[in-house]
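Heads up, the thing below is written out as structure tokens.
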There are 2 protein chains.
Amino acid sequence: MTHIYNFSAGPAVLPKEVLTQAAAEMLDWHGSGMSVMEMSHRGPEFISIYKAAERDLRELLAVPDNYKILFMQGGGLSQNALIPLNLVGHKPQPATIDFIHTGSWSGKSIKEAGKYAKVNIAAVGKTAVPPLAEWQLTPDAAYLHLCTNETIDGVEFAFDNGVPAGLAGLPEDVLLVADMSSHILSRPIDVSKFGLIFAGAQKNIGPAGVTIVIVRDDLLGKALTICPSAFDFKLVAENESMYNTPPTYGIYIAGLVFQWLKAQGGVAAMEQRAIAKAELLYAALDADDFYQTRVEQHNRSRMNVPFYLKDESKNEAFLAGAKARGLLQLKGHKSVGGMRASIYNAMPIEGVQALVDYLNEFAGR
Amino acid sequence: MTHIYNFSAGPAVLPKEVLTQAAAEMLDWHGSGMSVMEMSHRGPEFISIYKAAERDLRELLAVPDNYKILFMQGGGLSQNALIPLNLVGHKPQPATIDFIHTGSWSGKSIKEAGKYAKVNIAAVGKTAVPPLAEWQLTPDAAYLHLCTNETIDGVEFAFDNGVPAGLAGLPEDVLLVADMSSHILSRPIDVSKFGLIFAGAQKNIGPAGVTIVIVRDDLLGKALTICPSAFDFKLVAENESMYNTPPTYGIYIAGLVFQWLKAQGGVAAMEQRAIAKAELLYAALDADDFYQTRVEQHNRSRMNVPFYLKDESKNEAFLAGAKARGLLQLKGHKSVGGMRASIYNAMPIEGVQALVDYLNEFAGR
């Protein structure tokens with residue numbers, strides 16, 4: 001087997017233990033004679049898999065009882081439409097949605113929301129989260145949307161006690177909606193401070209094709225009539241994610257990842273590892289000016305680390321050398337160029353060390 | 001390993017060869033050092049998997065060049081909203097959609113379409129497809145929706161040269177939209193006679209979480225503005241199903257199923273097997289009045305075979321005896337009761353024979 005480290009931004013590296021177990025169970029799950037892929041979603045075998053996954057995720061994130069966890073299809077991108085379709089109905093129409101624009105993903109959310117609501121960009125900051133004092137919030141907005149980790153740009157909100165830092169002055173009636181796709185499960189969060197949290201699975205959860213929505217139950221039941229029934233959060237919640245056939249195999253793999261996370265010590269342990277990995281990597285990037293980063297120190301992402309060679313004419317040589325060492329998927333997103341190393345939960349520190357060794361070698365240190 | 005035959009209506013039995021290959025490749029696809037689940041959807045490895053799946057499906061169904069094949073998320077159920085959202089814009093608003101109501105699934109499609117268009121139930125037939133002479137079509141309707149195989153009720157359109165039989169008198173300008181979820185790839189079809197064909201994967205294609213849409217390219221580009229971008233067929237088509245991150249692993253498994261189908265002789269061979277399996281099973285059900293079926297002979301589904309015990313007090317005993325013999329998932333859908341045997345492409349004739357043996361034994365023959 002080729003030994004590689006996969007720095008893809010998503011779909012991304014998964015724990016070897018999870019893949020090994022999935023391979024072993026592929027043809028016969030727990031003596032059932034069936035693959036998980038072959039199971040009716042209504043049968044006792046899959047129901048047990050589903051309930052364990054839901055319970056473990058609830059435990060890992062300490063999700064309060066008055067929040068529903070939905071396992072949906074459509075990807076994080078679809079939520080840019082589905083969240084307005086489900087939430088703006090709580091306010092008189094047309095409602096306004098406030099956004100903090102910190103990079104490409106909040107930008108996509110802003111663009112899509114404009115189909116269903118008035119959009120107010122309350123603050124913009126592409127290299128750091130702007131301070132609360134600069135936010136121009138709309139009175140009585142339907143909600144305030146944050147992308148708490150920008151996968152492409154590498155801007156991550158600093159957190160304090162499980163909520164974005166510096167929000168002490170935020171009016172209590174502001175409903176927080178957070179896109180946590182690329183850093184969920186990498187740090188403790190205080191779910192009770194959010195109205196809704198969503199995340200595509202393909203970074204820290206499991207395979208592409210599963211989207212997690214964690215939503216406070218009083219927010220259900222106000223979907224606009226134009227919302228497709230399959231994506232009405234209330235119907236999905238009432239049917240325990242089985243209003244339509246759920247992505248069963250993806251939920252199974254996510255469940256194995258949740259078990260793995262628990263065995264590793266949960267999100268508190270993941271946070272410690274994430275800090276160690278990020279510090280190691282940023283230290284190598286900061287050592288001199290051979291490499292450059294653009295995000296301000298206090299908002300540097302622990303998950304997605306974009307960087308640039310000062311001499312961009314060396315980009316191809318850098319990537320070729322990396323590939324030769326089994327360090328894969330380091331090319332930055334086409335919209336921003338440069339390089340990007342995504343170092344999610346399943347990336348071992350040995351992978352980061354191998355990248356750091358190469359960074360130093362390539363820089364001639 | 002427990003030996004069973006799985007008659008689930010979906011998710012459903014998959015070819016053993018496919019699962020065996022998936023297990024073997026789980027940790028290292030073709031020497032890449034990565035699981036398919038870990039691959040960037042933009043990388044050359046996954047792109048090659050995607051292109052092979054698309055090409056093989058195009059070959060299996062002889063899809064003409066002027067049709068796009070989309071691999072989407074959301075399930076067949078979501079298409080009940082997404083198809084109106086994408087297609088009614090070709091007519092002045094509000095447009096009308098015609099439906100032939102032949103069972104539960106066309107019923108769901110009718111209900112959902114009412115959110116986006118005027119709905120005309122052109123004909124109703126729950127035990128047989130009503131003849132064309134009885135259809136009350138709307139002049140200038142956006143399209144005519146057929147569910148060509150009703151998974152729950154077991155009503156399947158008879159086909160003639162790859163199109164629903166008896167439609168010779170249908171006006172040429174009627175745009176046909178077909179829900180083929182539960183019998184796609186079980187018989188040759190003439191795609192060119194349809195505007196759009198869709199199918200959830202979890203019957204004859206692969207795992208739940210992938211939805212196939214085959215759409216004529218002149219029908220793209222008229223999505224209503226309220227259609228979520230992630231589900232705008234034009235955007236999905238232009239981006240080769242990668243406008244958002246596609247359900248990569250499900251597409252990979254579907255691709256393996258397509259390879260398996262080709263190795264078995266394609267859909268013509270599948271049709272011969274389906275005929276043999278269905279004849280074997282219906283003959284046992286028809287042998288005397290111990291079992292009953294409700295669908296008229298010429299519209300009996302080859303894929304989903306609902307049946308009833310004349311003495312329904314024996315239902316539990318029947319199911320318990322079946323389970324003891326490893327004949328699983330025979331309970332009928334809760335909305336119609338009784339029993340149902342789904343005998344998709346991946347169900348070997350040995351499984352049908354085992355069921356027939358049990359049917360005879362239980363009936364005391």
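Letters for chains follow the order of the structure tokens (A, B, ...), residue numbers begin at 1 for each chain, and ligand numbers begin at 1 in the order shown.
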If you run DSSP on this backbone, which residues of stretch 58-298 of chain B come out as helix (DSSP H, G or I), and could you give them as an NGL selection string?
:B and (58-60 or 75-90 or 104-113 or 132-134 or 191-193 or 217-219 or 229-231 or 233-238 or 248-264 or 266-286 or 297-298)
Exercise: A:Gly75 partners within 10 Å, only C-alpha atoms, chain neighbours under 5 positions left out, as a ChimeraX atom specification
/A:80,181,198-202,208-212 /B:73-74,230,244-247
Mind dumping a table of every chain A residue within 6 Å of chain B, with the nearest atom pair and its distance in Å to one decimal, using only C-alpha atoms, sorted by chain and rising number, as JSON lines?
{"residue": "A:Thr2", "atom": "CA", "partner": "B:Gly33", "partner_atom": "CA", "distance": 4.6}
{"residue": "A:His3", "atom": "CA", "partner": "B:Gly33", "partner_atom": "CA", "distance": 5.8}
{"residue": "A:Ile4", "atom": "CA", "partner": "B:Gly33", "partner_atom": "CA", "distance": 5.9}
{"residue": "A:Gly10", "atom": "CA", "partner": "B:Ser40", "partner_atom": "CA", "distance": 5.9}
{"residue": "A:Pro11", "atom": "CA", "partner": "B:Ser40", "partner_atom": "CA", "distance": 5.1}
{"residue": "A:Ala12", "atom": "CA", "partner": "B:Glu38", "partner_atom": "CA", "distance": 4.6}
{"residue": "A:Val13", "atom": "CA", "partner": "B:Glu38", "partner_atom": "CA", "distance": 5.0}
{"residue": "A:Ala23", "atom": "CA", "partner": "B:Ala23", "partner_atom": "CA", "distance": 4.5}
{"residue": "A:Met26", "atom": "CA", "partner": "B:Ala23", "partner_atom": "CA", "distance": 5.8}
{"residue": "A:Gly31", "atom": "CA", "partner": "B:Thr2", "partner_atom": "CA", "distance": 6.0}
{"residue": "A:Gly33", "atom": "CA", "partner": "B:Thr2", "partner_atom": "CA", "distance": 4.6}
{"residue": "A:Met37", "atom": "CA", "partner": "B:Pro207", "partner_atom": "CA", "distance": 5.5}
{"residue": "A:Glu38", "atom": "CA", "partner": "B:Ala12", "partner_atom": "CA", "distance": 4.6}
{"residue": "A:Met39", "atom": "CA", "partner": "B:Pro11", "partner_atom": "CA", "distance": 5.7}
{"residue": "A:Ser40", "atom": "CA", "partner": "B:Pro11", "partner_atom": "CA", "distance": 5.1}
{"residue": "A:Gln73", "atom": "CA", "partner": "B:Gly74", "partner_atom": "CA", "distance": 5.1}
{"residue": "A:Gly74", "atom": "CA", "partner": "B:Gln73", "partner_atom": "CA", "distance": 5.1}
{"residue": "A:Ser78", "atom": "CA", "partner": "B:Ala230", "partner_atom": "CA", "distance": 5.3}
{"residue": "A:Ala81", "atom": "CA", "partner": "B:Pro228", "partner_atom": "CA", "distance": 5.5}
{"residue": "A:Pro207", "atom": "CA", "partner": "B:Met37", "partner_atom": "CA", "distance": 5.5}
{"residue": "A:Ala208", "atom": "CA", "partner": "B:Pro247", "partner_atom": "CA", "distance": 5.0}
{"residue": "A:Gly209", "atom": "CA", "partner": "B:Pro247", "partner_atom": "CA", "distance": 4.3}
{"residue": "A:Pro228", "atom": "CA", "partner": "B:Ala81", "partner_atom": "CA", "distance": 5.5}
{"residue": "A:Ala230", "atom": "CA", "partner": "B:Ser78", "partner_atom": "CA", "distance": 5.3}
{"residue": "A:Pro247", "atom": "CA", "partner": "B:Gly209", "partner_atom": "CA", "distance": 4.3}
For A:Val174, please output as a PyMOL selection string all residues within 12 Å (counting only C-alpha atoms; exclusion window: fewer than 4 positions along the same chain).
chain A and resi 97-99+137-145+167-170+193-195
Distance query A:Met270 at most 10 Å, only C-alpha atoms, self and fewer than 2 positions along chain excluded, as a ChimeraX atom specification:
/A:185-188,261-262,264-268,272-276,344-346
Output file for the selection above: N, CA and C atoms, as a CSV table (one decimal), in the first residue's frame:
chain,number,residue,atom,x,y,z
A,185,LEU,N,-16.5,19.5,15.5
A,185,LEU,CA,-15.9,18.4,16.2
A,185,LEU,C,-14.4,18.6,16.5
A,186,SER,N,-13.9,19.8,16.2
A,186,SER,CA,-12.4,20.0,16.4
A,186,SER,C,-12.2,20.8,17.7
A,187,ARG,N,-13.3,21.2,18.4
A,187,ARG,CA,-13.2,22.0,19.6
A,187,ARG,C,-14.6,21.9,20.3
A,188,PRO,N,-14.6,22.1,21.6
A,188,PRO,CA,-15.9,22.2,22.3
A,188,PRO,C,-16.7,23.4,21.8
A,261,LEU,N,-13.9,9.1,17.6
A,261,LEU,CA,-13.7,10.4,18.4
A,261,LEU,C,-13.8,10.2,19.9
A,262,LYS,N,-14.8,9.4,20.2
A,262,LYS,CA,-15.0,9.2,21.7
A,262,LYS,C,-13.8,8.4,22.2
A,264,GLN,N,-10.9,8.5,21.3
A,264,GLN,CA,-9.7,9.3,21.3
A,264,GLN,C,-9.8,10.4,22.4
A,265,GLY,N,-10.9,10.5,23.1
A,265,GLY,CA,-11.1,11.4,24.2
A,265,GLY,C,-12.0,12.6,23.8
A,266,GLY,N,-12.7,12.5,22.7
A,266,GLY,CA,-13.7,13.5,22.4
A,266,GLY,C,-13.2,14.8,21.9
A,267,VAL,N,-14.0,15.8,21.8
A,267,VAL,CA,-13.6,17.0,21.1
A,267,VAL,C,-12.6,17.8,21.9
A,268,ALA,N,-12.6,17.6,23.3
A,268,ALA,CA,-11.5,18.3,24.0
A,268,ALA,C,-10.1,17.8,23.7
A,272,GLN,N,-6.9,19.8,21.6
A,272,GLN,CA,-5.5,19.8,22.0
A,272,GLN,C,-4.6,19.3,20.8
A,273,ARG,N,-5.0,18.3,20.2
A,273,ARG,CA,-4.3,17.8,19.0
A,273,ARG,C,-4.3,18.9,17.9
A,274,ALA,N,-5.4,19.5,17.7
A,274,ALA,CA,-5.5,20.5,16.6
A,274,ALA,C,-4.6,21.7,16.9
A,275,ILE,N,-4.5,22.1,18.2
A,275,ILE,CA,-3.6,23.2,18.6
A,275,ILE,C,-2.2,22.8,18.3
A,276,ALA,N,-1.8,21.6,18.7
A,276,ALA,CA,-0.4,21.1,18.5
A,276,ALA,C,-0.1,21.1,17.0
A,344,TYR,N,-7.4,18.1,9.3
A,344,TYR,CA,-8.5,17.8,10.1
A,344,TYR,C,-8.2,16.8,11.2
A,345,ASN,N,-9.2,16.4,12.0
A,345,ASN,CA,-9.1,15.5,13.1
A,345,ASN,C,-8.3,14.2,12.7
A,346,ALA,N,-8.6,13.7,11.6
A,346,ALA,CA,-8.0,12.4,11.2
A,346,ALA,C,-6.6,12.5,10.7
List every residue of stretch 174-349 of chain A that DSSP, applied to the backbone, labels as strand (DSSP E or B), and write the result as a ChimeraX atom specification.
/A:176-179,196-200,211-216,291-292,300,304-309,327-328,331,339-342
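Excluding B:Ser301 and any residue on its chain fewer than 3 positions from it, the residues at most 7 Å away by only C-alpha atoms are B:Asn149, B:Gly154, B:Val155, B:Glu156, B:Asn304, B:Val305.
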Near-A:Ile189 list (9 Å; only C-alpha atoms; drop same-chain fewer than 3 positions) as a PyMOL selection string:
chain A and resi 61-62+159-163+184-185+192-193
Could you work out how far atom CA of B:Gly351 lies from atom CA of B:Arg365, giving the answer in Å with one decimal?
19.3 Å
Neighbour list for A:Glu296 as a PyMOL selection string, cut-off 9 Å, only C-alpha atoms, skip fewer than 6 positions in-chain:
chain A and resi 127-129+155
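Closest approach to B:Gly332 among B:Ala133, B:Tyr282, B:Thr151, B:Ala223: B:Thr151, based on only C-alpha atoms.
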